[in-house]
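Trainee: Okay, here's the structure, questions in a sec.
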Amino acid sequence: MAVFGYGRVSTSSQHTSNQRLELESAGFKLDYWFSDTGISGKTCASQRAEFSLLLDKIRDGETLVVSKLDRLGRDAVDVLQTVRLLASRGIQVIVLQLGKVDLASVAGKLLLTMLVAVAEMERDLLVERTQAGLQRARSQGKILGRPVKTTDDQRQEIRALLAAGRSVSDVARQYSVSRVSIISIRIKSEKV
């Protein structure tokens with residue numbers, strides 16, 4: 001029976017080659033390798049191009065190996081559904097970081113549920129901490145986001161040019177900014 005390897009990275013600047021090397025170094029002879037690049041763990045497994053191809057190719061009774069549980073996903077429900085789907089086909093799922101635990105067994109399901117829930121909680125805490133940090137920065141008067149490309153005087157000039165009938169494109173070229181920036185200035189002046 002064939003052994004399938006799967007890797008996933010969240011950004012296109014990352015590579016799955018380390019995950020494959022990790023699996024091969026652990027003694028797995030991979031007959032097939034599938035990897036998704038630039039795909040968040042929050043994206044359902046069935047919506048990932050390469051993972052979908054893997055599901056089409058893998059046959060009942062074969063083996064799927066991943067380096068870490070979060071390669072399958074970060075959403076507890078999705079990971080559990082994916083493992084259940086594979087288990088229903090008799091496909092053994094091995095997560096290198098967990099050792100050779102049968103994730104389809106009762107103990108394996110319990111372990112899987114707890115680990116995925118902890119991973120999901122960690123991600124939620126990270127988002128919570130990030131939001132708290134942004135809120136604290138705002139309360140301290142820090143300006144977040146991209147720096148403004150125009151001064152107050154330039155924005156007044158832009159409003160006057162637009163009011164005089166100049167086109168958004170002409171004004172954008174004159175001030176070397178995007179049309180969106182000019183439209184934003186116009187909209188803000190209309191709200192005032």
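If you're wondering about the labels, chains in the structure tokens are A, B, ... by order shown, residues count from 1 in each chain, ligands from 1 in order shown.
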Quick one: residues within 8 Å of Ser35 (chain A), only C-alpha atoms counted, chain neighbours fewer than 6 positions away excluded, as a VMD selection string?
Mentor: chain A and resid 6 to 8 16 50 to 51
Trainee: If we count only C-alpha atoms and set the cut-off at 10 Å, which residues sit around Leu69 (chain A), ignoring sequence neighbours fewer than 5 positions away in its own chain? Please answer as a PyMOL selection string.
Mentor: chain A and resi 74+79+94-98+112+115-116+119
Trainee: Which is closer to Glu62 (chain A) than all the others in A:Val3, A:Leu80, A:Lys100, A:Thr113, using only C-alpha atoms?
Mentor: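 Closest residue, counting only C-alpha atoms: A:Val3.
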Trainee: What's around Ile187 (chain A) at 12 Å? Count only C-alpha atoms, leave out sequence neighbours fewer than 2 positions away in its own chain, and write the answer as a list of chain:residue names.
Mentor: A:Arg155, A:Ile158, A:Arg159, A:Leu162, A:Val168, A:Val180, A:Ser181, A:Ile182, A:Ile183, A:Ser184, A:Ile185, A:Ser189, A:Glu190, A:Lys191, A:Val192
Trainee: Could you write out the selected residues, including C-alpha atoms, as a PDB file, in the first residue's frame?
Mentor:
```pdb
ATOM      1  CA  ARG A 155      -5.618  67.819   0.869  1.00  0.00           C
ATOM      2  CA  ILE A 158      -7.009  68.650  -3.812  1.00  0.00           C
ATOM      3  CA  ARG A 159     -10.523  69.421  -2.546  1.00  0.00           C
ATOM      4  CA  LEU A 162     -11.951  68.668  -7.471  1.00  0.00           C
ATOM      5  CA  VAL A 168      -9.714  62.534 -10.177  1.00  0.00           C
ATOM      6  CA  VAL A 180      -8.238  55.824  -4.530  1.00  0.00           C
ATOM      7  CA  SER A 181      -6.369  58.336  -2.339  1.00  0.00           C
ATOM      8  CA  ILE A 182      -7.975  61.260  -4.183  1.00  0.00           C
ATOM      9  CA  ILE A 183     -11.430  59.690  -3.986  1.00  0.00           C
ATOM     10  CA  SER A 184     -10.911  59.095  -0.268  1.00  0.00           C
ATOM     11  CA  ILE A 185     -10.033  62.759   0.247  1.00  0.00           C
ATOM     12  CA  SER A 189     -14.634  66.311   2.575  1.00  0.00           C
ATOM     13  CA  GLU A 190     -18.237  65.433   1.610  1.00  0.00           C
ATOM     14  CA  LYS A 191     -18.869  63.924   5.040  1.00  0.00           C
ATOM     15  CA  VAL A 192     -17.724  67.052   6.846  1.00  0.00           C
TER      16      VAL A 192
END
```
Trainee: For His15 (chain A), which residue among A:Gly99, A:Gly38, A:Gly165, A:Gly27 is the nearest when counting only C-alpha atoms?
Mentor: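 Nearest to His15 (chain A): A:Gly38.
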Trainee: Enumerate the residues of region 33-191 of chain A with a DSSP assignment of strand (DSSP E or B), computed from the backbone, and present them as number ranges by chain.
Mentor: A: 33-37, 63-66, 92-95
Trainee: Rounded to one decimal, what separation in Å do you get between CA of Asp56 (chain A) and CA of Asn18 (chain A)?
Mentor: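 Between these atoms lies a distance of 24.6 Å.
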Trainee: Name all residues at most 10 Å from Asp78 (chain A) (count only C-alpha atoms; drop same-chain ones fewer than 2 positions away) and give them as a ChimeraX atom specification.
Mentor: /A:41-46,72-76,80-84,116
Trainee: Find the residues around Gln14 (chain A) up to 8 Å (only C-alpha atoms counted), leave out those fewer than 4 positions away in its own chain, and share them as number ranges by chain.
Mentor: A: 9-10, 37-38
Trainee: From a DSSP calculation on the backbone, collect every residue of chain A in helix (DSSP H, G or I) and output the set as JSON, numbers by chain.
Mentor: {"A": [17, 18, 19, 20, 21, 22, 23, 24, 25, 45, 46, 47, 49, 50, 51, 52, 53, 54, 55, 56, 57, 69, 70, 71, 76, 77, 78, 79, 80, 81, 82, 83, 84, 85, 86, 87, 88, 96, 97, 98, 106, 107, 108, 109, 110, 111, 112, 113, 114, 115, 116, 117, 118, 119, 120, 121, 122, 123, 124, 125, 126, 127, 128, 129, 130, 131, 132, 133, 134, 135, 136, 137, 138, 139, 152, 153, 154, 155, 156, 157, 158, 159, 160, 161, 162, 163, 168, 169, 170, 171, 172, 173, 174, 175, 179, 180, 181, 182, 183, 184, 185, 186, 187, 188, 189, 190, 191]}
Trainee: How many Å lie between CA of Arg89 (chain A) and CA of Ser17 (chain A), rounded to one decimal?
Mentor: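 About the pair CA of Arg89 (chain A) and CA of Ser17 (chain A): they are 27.9 Å apart.
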